[in-house]
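Trainee: What follows is a structure written as structure tokens; I'll ask about it next.
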Amino acid sequence: MLELRDVHYGTGDKEILKGIDLVIGESRIQSIIGVNGTGKTTLAAIIMGLNGYRPHRGRIFFKGRDITDLSITERAKLGITLAWQIPASFEGITVKEYLSIKKNFTAPEKALKLVGLNPNLYLNRVVDENLSGGERKRIELASVFSVKPKLVILDEPDSGIDMASITAIKKVIKNFKKMGTSVLLITHSERMAKVGDTVSLLCDGKIVKEGNVKEVTEFFRKYCRECDHIGEIEEEILK
Ligand SMILES: Nc1ncnc2c1ncn2[C@@H]1O[C@H](COP(=O)(O)OP(=O)(O)O)[C@@H](O)[C@H]1O
Ligand SMILES: [Mg+2]
């Protein structure tokens, strides 16, 4: 349903994405794993079409349609969503209000249940610093459920949250799939990447290995976790 063909992107004279080919099917969870600074967030921005993020070379297709030149709003209307951190401007309103802001297909109560939060306990909570990182993340994901996207891009959904919430978020990701939403799961954690049906390993702006979850995450553990140079992987290692 989503296809990237030879996507290149850079700023100034720095090339960040160096020819990305990627295909995500219907109701699939596709993980992208990579250490810091390899271009994961840039890739998310390019797929969502954030301002200024247009490929310098290559094309992006969604359900067979070339969306490379479409705006973020047009892509959102087609059903592509990036899970945003709850913007500061929503601080102070209730969770129920937050989950009712957009033109939603799913009631706030149901959306909360899908992320494993009890509506009776959370609907009238105020969005403020009293919510834990994990609770905020799950409320953010509830807002994604509300709009029933075809594809959701999750950029490091496990960052800054507790273990219990990580377990919950893995379930949420599977719930997306069950509801027919494909997930692009971006992470630097092997444990999170394993939720994927398939995994692609991003290194220095290129996908250097992809496919089987066990194989790719083991490769990552062996060669990437300790790698701080973020440079070329030697050809012989990749064979
Ligand atoms: N707007 C920008 N200007 C210059 N360099 C950038 C910009 N955005 C990202 N980069 C650089 O591109 C590389 C990839 O960044 P990013 O996509 O955020 O990586 P990741 O999410 O994998 O940590 C990094 O070296 C980062 O410093
Ligand atoms: Mg990032």
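Each chain in the structure tokens gets a letter, A, B and so on, in the order shown; residues start at 1 in every chain, and ligands are counted from 1 in the order they appear.
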Please check which protein, DNA or RNA residues sit within 7 Å of ligand 2, counting only C-alpha atoms and all ligand atoms, and write them as JSON, numbers by chain.
Mentor: {"A": [36, 37, 39, 40, 41, 155]}
Trainee: Would you mind exporting the chosen residues as a short mmCIF file (atom, residue, chain, number, x, y, z; two decimals), in the first residue's frame, restricted to C-alpha atoms?
Mentor:
data_model
loop_
_atom_site.label_atom_id
_atom_site.label_comp_id
_atom_site.auth_asym_id
_atom_site.auth_seq_id
_atom_site.Cartn_x
_atom_site.Cartn_y
_atom_site.Cartn_z
CA ASN A 36 20.60 7.34 16.53
CA GLY A 37 21.29 9.66 13.64
CA GLY A 39 17.76 9.03 9.34
CA LYS A 40 14.72 7.38 10.97
CA THR A 41 12.89 10.56 11.89
CA ASP A 155 8.50 7.34 15.64
#
Trainee: Return as a PyMOL selection string the residues of protein, DNA or RNA that approach ligand 1 to within 10 Å, with only C-alpha atoms and all ligand atoms taken into account.
Mentor: chain A and resi 9-17+32-46+52-53+155-156+186-188+202-205+230
Trainee: Point out the residue among A:Lys110, A:Lys206, A:Lys171, A:Lys194 with the least atom-to-atom distance to Asp21 in chain A, counting only C-alpha atoms.
Mentor: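 Selected residue with least distance to Asp21 in chain A: A:Lys206.
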Trainee: Please report, as a PyMOL selection string, each residue of range 49-148 of chain A to which DSSP assigns strand (DSSP E) when run on this structure's backbone.
Mentor: chain A and resi 57-62+65-66+80-82
Trainee: For the selection just defined, write its residues with C-alpha atoms to a file, as a JSON list (two decimals), in the first residue's frame.
Mentor:
[["chain", "number", "residue", "atom", "x", "y", "z"],
["A", 57, "ARG", "CA", 15.15, 12.08, -5.98],
["A", 58, "GLY", "CA", 12.79, 9.08, -6.04],
["A", 59, "ARG", "CA", 9.04, 8.73, -5.66],
["A", 60, "ILE", "CA", 6.52, 7.75, -2.98],
["A", 61, "PHE", "CA", 3.35, 5.84, -3.82],
["A", 62, "PHE", "CA", 0.32, 5.22, -1.61],
["A", 65, "ARG", "CA", -1.02, 6.77, -6.39],
["A", 66, "ASP", "CA", 2.07, 8.95, -6.63],
["A", 80, "ILE", "CA", -1.60, 8.55, 6.50],
["A", 81, "THR", "CA", -1.01, 9.64, 10.09],
["A", 82, "LEU", "CA", 2.06, 10.40, 12.13]]
Trainee: Point out the residue among A:Val127, A:Val147, A:Ala83, A:Met1 with the least atom-to-atom distance to Pro108 in chain A, counting only C-alpha atoms.
Mentor: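 The answer is A:Val147, which sits nearest to Pro108 in chain A.
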Trainee: Neighbours of Lys177 in chain A within 12 Å (only C-alpha atoms; same-chain residues fewer than 2 positions away dropped), as an NGL selection string?
Mentor: :A and (25-30 or 114 or 145 or 148-152 or 170-175 or 179-185 or 195-197)
Trainee: With distances taken over only C-alpha atoms, which residue among A:Lys63, A:Lys113, A:Arg138, A:Lys96 lies nearest Val126 in chain A?
Mentor: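 Among the listed residues, the smallest separation from Val126 in chain A belongs to A:Lys96.
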Trainee: Neighbours of Phe90 in chain A within 12 Å (only C-alpha atoms; same-chain residues fewer than 3 positions away dropped), as a list of chain:residue names?
Mentor: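 Listed by chain and then number, they are A:Gln85, A:Ile86, A:Pro87, A:Ile93, A:Thr94, A:Val95, A:Lys96, A:Glu97, A:Tyr98, A:Leu99, A:Ser100, A:Ile101, A:Val126, A:Val127, A:Asp128, A:Glu129, A:Arg136, A:Glu140.
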Trainee: Rounded to one decimal in Å, what is the spacing between CA of Met192 in chain A and CA of Tyr223 in chain A?
Mentor: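 Pair CA of Met192 in chain A / CA of Tyr223 in chain A returns 17.8 Å.
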Trainee: Calculated over only C-alpha atoms, which of the candidates A:Lys102, A:Arg225, A:Lys209, A:Arg54 has the smallest distance to Val144 in chain A?
Mentor: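 For Val144 in chain A, the nearest of the candidates is A:Lys102.
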Trainee: Do a neighbour search on Asn118 in chain A at 12 Å with only C-alpha atoms, toss out local chain neighbours closer than 2 positions, and write the hits as a list in words.
Mentor: Val95, Pro108, Glu109, Lys110, Ala111, Leu112, Lys113, Leu114, Val115, Gly116, Asn120, Leu121, Tyr122, Leu123, Asn124, Arg125, Glu135, Arg138, Ile139 and Ala142 of chain A
Trainee: Those residues you just picked out, can you put them in a file as a compact mmCIF listing (two decimals), in the first residue's frame with N, CA and C atoms?
Mentor:
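Contents of part.txt, as written:
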# COMPACT_ATOMS: atom_id res chain seq x y z
N VAL A 95 -9.01 14.89 28.71
CA VAL A 95 -8.71 13.83 27.74
C VAL A 95 -9.89 13.67 26.78
N PRO A 108 -14.46 8.68 22.07
CA PRO A 108 -13.34 8.75 23.01
C PRO A 108 -13.27 7.54 23.94
N GLU A 109 -14.44 7.05 24.36
CA GLU A 109 -14.46 5.90 25.28
C GLU A 109 -13.80 4.68 24.62
N LYS A 110 -14.21 4.43 23.38
CA LYS A 110 -13.69 3.25 22.68
C LYS A 110 -12.20 3.42 22.38
N ALA A 111 -11.84 4.63 21.99
CA ALA A 111 -10.43 4.88 21.66
C ALA A 111 -9.55 4.61 22.88
N LEU A 112 -10.02 5.01 24.07
CA LEU A 112 -9.24 4.76 25.29
C LEU A 112 -9.13 3.28 25.58
N LYS A 113 -10.24 2.56 25.36
CA LYS A 113 -10.21 1.10 25.60
C LYS A 113 -9.20 0.43 24.68
N LEU A 114 -9.12 0.90 23.45
CA LEU A 114 -8.19 0.29 22.49
C LEU A 114 -6.73 0.46 22.91
N VAL A 115 -6.44 1.47 23.72
CA VAL A 115 -5.06 1.64 24.19
C VAL A 115 -4.91 1.17 25.64
N GLY A 116 -5.94 0.46 26.12
CA GLY A 116 -5.84 -0.17 27.44
C GLY A 116 -5.99 0.79 28.61
N ASN A 120 -13.42 5.35 32.45
CA ASN A 120 -13.95 5.95 33.69
C ASN A 120 -12.88 6.70 34.46
N LEU A 121 -11.64 6.22 34.32
CA LEU A 121 -10.56 6.85 35.08
C LEU A 121 -9.87 7.97 34.30
N TYR A 122 -10.00 7.96 32.98
CA TYR A 122 -9.18 8.89 32.18
C TYR A 122 -9.94 9.97 31.42
N LEU A 123 -11.21 9.75 31.12
CA LEU A 123 -11.91 10.73 30.26
C LEU A 123 -11.89 12.15 30.83
N ASN A 124 -12.02 12.24 32.15
CA ASN A 124 -12.08 13.59 32.74
C ASN A 124 -10.77 14.07 33.33
N ARG A 125 -9.71 13.27 33.10
CA ARG A 125 -8.38 13.74 33.53
C ARG A 125 -7.98 14.92 32.66
N GLU A 135 1.19 7.23 29.96
CA GLU A 135 -0.23 7.60 29.80
C GLU A 135 -0.40 8.59 28.65
N ARG A 138 -0.15 6.81 25.37
CA ARG A 138 -1.33 6.00 25.04
C ARG A 138 -2.51 6.89 24.65
N ILE A 139 -2.62 8.04 25.27
CA ILE A 139 -3.70 8.97 24.90
C ILE A 139 -3.46 9.51 23.49
N ALA A 142 -4.52 6.86 21.28
CA ALA A 142 -5.99 6.82 21.22
C ALA A 142 -6.50 7.83 20.20
Trainee: Identify, with DSSP run on backbone atoms, the residues in range 19-220 of chain A assigned to alpha helix (DSSP H), and express the list as a PyMOL selection string.
Mentor: chain A and resi 40-48+72-78+95-98+108-114+119-122+133-146+163-178+190-193+213-219
Trainee: Do a neighbour search on range 132-134 of chain A at 8 Å with only C-alpha atoms, toss out local chain neighbours closer than 4 positions, and write the hits as a list in words.
Mentor: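 Residues meeting the cut-off are Arg138, Gly160, Ile161, Asp162, Ser165 and Ile166 of chain A.
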